[in-house]
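Structure file input_8.cif (mmCIF, C-alpha atoms) follows.
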```
data_run
#
loop_
_atom_site.label_atom_id
_atom_site.label_comp_id
_atom_site.auth_asym_id
_atom_site.auth_seq_id
_atom_site.Cartn_x
_atom_site.Cartn_y
_atom_site.Cartn_z
CA ALA R 1 15.51 5.49 36.73
CA LEU R 2 12.42 5.16 34.52
CA ARG R 3 14.50 5.84 31.43
CA GLN R 4 17.04 3.19 32.43
CA ALA R 5 14.29 0.67 33.14
CA ARG R 6 12.84 1.32 29.69
CA LEU R 7 16.22 0.86 28.03
CA ASP R 8 16.71 -2.38 29.97
CA ARG R 9 13.38 -3.67 28.71
CA ASP R 10 14.31 -2.75 25.14
CA ALA R 11 17.59 -4.59 25.50
CA ALA R 12 15.75 -7.62 26.85
CA HIS R 13 13.71 -7.72 23.62
CA GLY R 14 16.75 -7.60 21.42
CA ALA R 15 16.99 -3.83 20.77
CA THR R 16 20.40 -2.17 20.86
CA PRO R 17 20.59 1.08 22.85
CA THR R 18 21.61 4.08 20.77
CA PRO R 19 23.86 6.86 22.12
CA ALA R 20 22.20 10.22 22.60
CA HIS R 21 24.36 11.97 20.01
CA GLN R 22 23.45 9.34 17.38
CA ARG R 23 19.69 9.39 17.91
CA THR R 24 18.75 10.15 14.31
CA VAL R 25 17.35 7.47 12.05
CA SER R 26 19.11 7.16 8.70
CA TRP R 27 16.27 6.25 6.34
CA PRO R 28 14.65 8.53 3.76
CA MET R 29 11.79 9.61 6.02
CA GLN R 30 13.63 10.43 9.22
CA PHE R 31 12.08 10.38 12.64
CA PRO R 32 13.51 13.34 14.58
CA LEU R 33 15.02 12.18 17.84
CA PRO R 34 16.55 15.24 19.50
CA VAL R 35 19.04 14.87 22.32
CA GLY R 36 17.35 14.83 25.71
CA GLU R 37 13.98 13.57 24.43
CA ASP R 38 12.77 10.05 24.97
CA LYS R 39 9.97 9.98 22.42
CA TYR R 40 11.45 7.09 20.47
CA GLY R 41 13.57 4.52 22.26
CA PRO R 42 15.56 1.59 20.89
CA LEU R 43 12.44 -0.56 20.42
CA ALA R 44 10.80 2.13 18.31
CA GLN R 45 13.95 2.61 16.24
CA ARG R 46 14.12 -1.12 15.62
CA ILE R 47 10.48 -1.19 14.49
CA PHE R 48 11.01 1.77 12.16
CA GLN R 49 14.16 0.27 10.67
CA GLU R 50 12.52 -3.11 10.09
CA LEU R 51 9.51 -1.50 8.42
CA GLU R 52 11.62 0.71 6.18
CA ALA R 53 13.81 -2.25 5.21
CA SER R 54 10.70 -4.29 4.34
CA SER R 55 8.89 -1.57 2.39
CA GLY R 56 9.40 -1.51 -1.36
CA SER R 57 7.67 -1.99 -4.68
CA GLU R 58 6.22 -5.33 -3.54
CA GLY R 59 4.70 -3.86 -0.39
CA LEU R 60 4.89 -4.97 3.22
CA LEU R 61 2.62 -8.00 2.99
CA PRO R 62 5.07 -10.43 1.28
CA LYS R 63 7.81 -9.70 3.82
CA LEU R 64 5.89 -9.16 7.04
CA PHE R 65 3.21 -11.80 6.44
CA PRO R 66 4.57 -14.25 3.83
CA VAL R 67 2.09 -16.98 4.79
CA ALA R 68 -0.91 -14.69 4.24
CA HIS R 69 0.59 -13.47 0.97
CA CYS R 70 1.07 -17.03 -0.28
CA HIS R 71 -2.48 -17.87 0.75
CA GLN R 72 -3.83 -14.98 -1.33
CA GLN R 73 -1.83 -16.14 -4.35
CA LEU R 74 -2.96 -19.73 -3.85
CA THR R 75 -6.59 -18.61 -3.78
CA THR R 76 -6.16 -16.77 -7.09
CA LEU R 77 -4.37 -19.68 -8.76
CA SER R 78 -6.95 -22.17 -7.50
CA GLN R 79 -9.74 -20.08 -9.01
CA GLN R 80 -7.89 -19.91 -12.34
CA ARG R 81 -7.35 -23.68 -12.28
CA GLN R 82 -11.04 -24.27 -11.60
CA GLN R 83 -11.89 -22.07 -14.55
CA CYS R 84 -9.64 -24.21 -16.74
CA LEU R 85 -11.38 -27.36 -15.52
CA ASN R 86 -14.80 -25.89 -16.18
CA ARG R 87 -13.81 -24.85 -19.67
CA GLY R 88 -12.36 -28.30 -20.33
CA ARG R 89 -15.83 -29.83 -20.00
CA ASP R 90 -16.92 -27.98 -23.14
CA TYR R 91 -16.10 -29.01 -26.67
CA LEU R 92 -12.76 -27.57 -27.78
CA GLU R 93 -10.62 -27.87 -30.85
CA PRO R 94 -7.54 -30.10 -30.35
CA GLU R 95 -5.18 -27.11 -30.38
CA ASP R 96 -7.30 -25.21 -27.85
CA ARG R 97 -7.52 -28.26 -25.58
CA ARG R 98 -3.75 -28.74 -25.63
CA ARG R 99 -3.28 -25.10 -24.75
CA LEU R 100 -5.79 -25.38 -21.93
CA GLU R 101 -4.12 -28.49 -20.53
CA SER R 102 -0.74 -26.75 -20.68
CA ASN R 103 -2.13 -23.80 -18.71
CA ALA R 104 -3.61 -26.15 -16.12
CA GLU R 105 -0.29 -27.95 -15.68
CA SER R 106 1.51 -24.62 -15.30
CA LEU R 107 -0.98 -23.57 -12.62
CA ASP R 108 -0.45 -26.89 -10.80
CA ARG R 109 3.30 -26.30 -10.71
CA GLU R 110 2.81 -22.76 -9.35
CA ILE R 111 0.45 -24.05 -6.68
CA VAL R 112 2.92 -26.70 -5.54
CA LYS R 113 5.71 -24.10 -5.46
CA LEU R 114 3.67 -21.64 -3.39
CA LYS R 115 2.64 -24.37 -0.94
CA ARG R 116 6.30 -25.21 -0.42
CA ILE R 117 7.16 -21.54 0.12
CA ARG R 118 4.27 -21.12 2.56
CA GLN R 119 5.38 -24.15 4.53
CA GLN R 120 8.99 -22.95 4.80
CA ALA R 121 8.35 -19.22 5.25
CA PRO R 122 9.99 -17.96 8.48
CA PRO R 123 8.19 -15.42 10.68
CA HIS R 124 9.36 -11.83 10.40
CA ALA R 125 11.53 -10.35 13.15
CA LEU R 126 8.81 -7.89 14.14
CA LEU R 127 6.29 -10.69 14.40
CA LYS R 128 8.66 -12.57 16.68
CA THR R 129 9.09 -9.50 18.86
CA PHE R 130 5.36 -8.96 19.10
CA GLY R 131 4.85 -12.64 19.91
CA GLN R 132 7.34 -12.39 22.77
CA LEU R 133 5.49 -9.36 24.14
CA VAL R 134 2.21 -11.25 24.02
CA LEU R 135 3.69 -14.31 25.70
CA THR R 136 5.17 -12.23 28.52
CA GLY R 137 1.87 -10.40 28.97
CA ASP R 138 3.55 -6.98 28.96
CA THR R 139 0.50 -4.90 28.08
CA GLU R 140 2.40 -1.62 28.38
CA ARG R 141 4.96 -2.69 25.80
CA ILE R 142 2.25 -4.09 23.55
CA THR R 143 0.53 -0.69 23.64
CA GLU R 144 3.83 1.04 22.83
CA PHE R 145 4.42 -1.40 19.96
CA GLY R 146 1.06 -0.46 18.44
CA ALA R 147 1.70 3.26 18.98
CA TYR R 148 5.06 3.04 17.19
CA LEU R 149 3.42 1.27 14.26
CA ASP R 150 0.79 4.01 14.08
CA ASP R 151 3.49 6.72 14.18
CA TRP R 152 5.32 5.08 11.28
CA LYS R 153 2.09 4.73 9.31
CA GLN R 154 1.11 8.36 9.89
CA LEU R 155 4.54 9.57 8.80
CA ARG R 156 4.36 7.56 5.59
CA ARG R 157 0.80 8.71 4.91
CA ALA R 158 1.46 12.41 5.52
CA PRO R 159 3.17 13.12 2.14
CA LEU R 160 0.51 11.10 0.32
CA LEU R 161 -2.31 13.00 1.99
CA GLU R 162 -0.61 16.30 1.24
CA HIS R 163 -0.19 15.34 -2.41
CA LYS R 164 -3.83 14.21 -2.55
CA LEU R 165 -4.98 17.53 -1.09
CA ARG R 166 -2.90 19.47 -3.62
CA LEU R 167 -4.36 17.47 -6.51
CA ARG R 168 -7.85 18.01 -5.15
CA LYS R 169 -7.32 21.77 -5.03
CA GLU R 170 -5.97 21.76 -8.59
CA LEU R 171 -8.97 19.75 -9.76
CA ASP R 172 -11.39 22.12 -8.02
CA GLN R 173 -9.66 25.08 -9.65
CA LEU R 174 -9.90 23.50 -13.10
CA LEU R 175 -13.57 22.71 -12.59
CA GLU R 176 -14.20 26.27 -11.44
CA GLU R 177 -12.45 27.69 -14.49
CA GLU R 178 -14.41 25.42 -16.81
CA SER R 179 -17.69 26.34 -15.16
CA GLY R 180 -16.81 30.03 -15.63
CA GLU R 181 -15.85 29.60 -19.28
CA ALA R 182 -19.01 27.71 -20.20
CA PRO R 183 -21.51 30.57 -19.52
CA ALA R 184 -19.20 33.04 -21.27
CA ALA R 185 -19.05 30.83 -24.36
CA LYS R 186 -22.84 30.44 -24.30
CA VAL R 187 -23.37 34.18 -24.09
CA ALA R 188 -20.95 34.79 -26.96
CA SER R 189 -22.71 32.19 -29.09
CA THR R 190 -26.13 33.69 -28.34
CA THR R 191 -24.95 37.21 -29.15
CA SER R 192 -23.40 36.09 -32.43
CA GLY R 193 -26.60 34.28 -33.43
CA SER R 194 -28.72 37.31 -32.59
CA LYS R 195 -26.59 39.55 -34.81
CA SER R 196 -26.84 37.11 -37.71
CA CYS R 197 -30.59 36.84 -37.38
CA GLY R 198 -30.91 40.61 -37.07
CA GLY R 199 -28.97 41.15 -40.29
CA LEU R 200 -31.04 38.61 -42.14
CA GLY R 201 -34.29 40.03 -40.85
CA GLY R 202 -33.28 43.55 -41.83
CA GLY R 203 -32.59 42.41 -45.41
CA ILE R 204 -36.01 40.81 -45.69
CA ALA R 205 -37.89 43.77 -44.26
CA ALA R 206 -36.28 46.35 -46.61
CA PRO R 207 -38.99 48.15 -48.68
CA LEU R 208 -39.08 47.68 -52.47
CA PRO R 209 -38.23 50.66 -54.65
CA PRO R 210 -41.22 52.35 -56.36
#
```
For the structure just supplied, provide its representation as structure tokens.
Amino acid sequence: ALRQARLDRDAAHGATPTPAHQRTVSWPMQFPLPVGEDKYGPLAQRIFQELEASSGSEGLLPKLFPVAHCHQQLTTLSQQRQQCLNRGRDYLEPEDRRRLESNAESLDREIVKLKRIRQQAPPHALLKTFGQLVLTGDTERITEFGAYLDDWKQLRRAPLLEHKLRLRKELDQLLEEESGEAPAAKVASTTSGSKSCGGLGGGIAAPLPP
């Protein structure tokens, strides 16, 4: 009964129930969903699929939060435009001033374009789902939503942390080898210098023939 109630709530939020024999996610980093376990329901699968579809070389920010991404870009462009205006107050050669004015006009066009994109950017599907959960006041589902996001984040971070640990061990090994080679090289250099000095001193101290 509890399982059915949970599936009904997932369906109410737009998630499609998945048959038990198909409960395996088909993206590169798979979330194991064995038959008979209810660790990840349809809502979780939908969250994972949306996140994997949004992840790429550009990152999650432009797709999940396009307004915030545009705001960051607008801040950078506005700072660059202000720098152009400040430089324009100084004396410049005609060619340099024309180049500066051209850069300022290009920045103005980019700013207008980004403002238009920010105004027309639709909210992401996951943001809509979360907004519906907040509006309905379903604290249990909100908690589950956050837990699913954390599970996805931990799964994506696990290979990176493992790779970081392996690199750290390799670095420690290289540093240990270098620290072991340095005293050996110093000892060899000292021994070689002592032999040279000993040979030279022996030549000087040799008695003269009668």
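Here CA of Glu50 in chain R and CA of Ala125 in chain R stand 7.9 Å from one another.
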*May I have the residues within 12 Å of Leu60 in chain R as a ChimeraX atom specification, using all atoms listed in the file and disregarding those fewer than 5 positions away in the same chain?*
/R:50-55,65-66,68-69,124,126,153
Selection above as a file: C-alpha atoms, as a PDB file, keeping the file's coordinate frame:
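See again_25.pdb below for the written result:
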```pdb
ATOM      1  CA  GLU R  50      12.520  -3.110  10.090  1.00  0.00           C
ATOM      2  CA  LEU R  51       9.510  -1.500   8.420  1.00  0.00           C
ATOM      3  CA  GLU R  52      11.620   0.710   6.180  1.00  0.00           C
ATOM      4  CA  ALA R  53      13.810  -2.250   5.210  1.00  0.00           C
ATOM      5  CA  SER R  54      10.700  -4.290   4.340  1.00  0.00           C
ATOM      6  CA  SER R  55       8.890  -1.570   2.390  1.00  0.00           C
ATOM      7  CA  PHE R  65       3.210 -11.800   6.440  1.00  0.00           C
ATOM      8  CA  PRO R  66       4.570 -14.250   3.830  1.00  0.00           C
ATOM      9  CA  ALA R  68      -0.910 -14.690   4.240  1.00  0.00           C
ATOM     10  CA  HIS R  69       0.590 -13.470   0.970  1.00  0.00           C
ATOM     11  CA  HIS R 124       9.360 -11.830  10.400  1.00  0.00           C
ATOM     12  CA  LEU R 126       8.810  -7.890  14.140  1.00  0.00           C
ATOM     13  CA  LYS R 153       2.090   4.730   9.310  1.00  0.00           C
TER      14      LYS R 153
END
```
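The space between CA of Ala44 in chain R and CA of Leu161 in chain R spans 23.6 Å.
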_Residue among R:Glu101, R:Val134, R:Phe48, R:Glu140 lying closest to Arg89 in chain R, counting only C-alpha atoms_ = R:Glu101
_Contacts of Gln72 in chain R at 12 Å (only C-alpha atoms; same-chain gap of 5+ positions) as a count of residues only_ = 12
*asked:* Can you measure CA of Ala158 in chain R to CA of Gly56 in chain R for me? One decimal in Å is fine.
replied: 17.4 Å
*Applied to the shown file, which residues does the PyMOL selection byres ((chain R and resi 88) around 12) return, written as a list of chain:residue names?*
R:Arg81, R:Gln82, R:Gln83, R:Cys84, R:Leu85, R:Asn86, R:Arg87, R:Arg89, R:Asp90, R:Tyr91, R:Leu92, R:Glu93, R:Pro94, R:Asp96, R:Arg97, R:Arg98, R:Arg99, R:Leu100, R:Glu101, R:Ser102, R:Asn103, R:Ala104
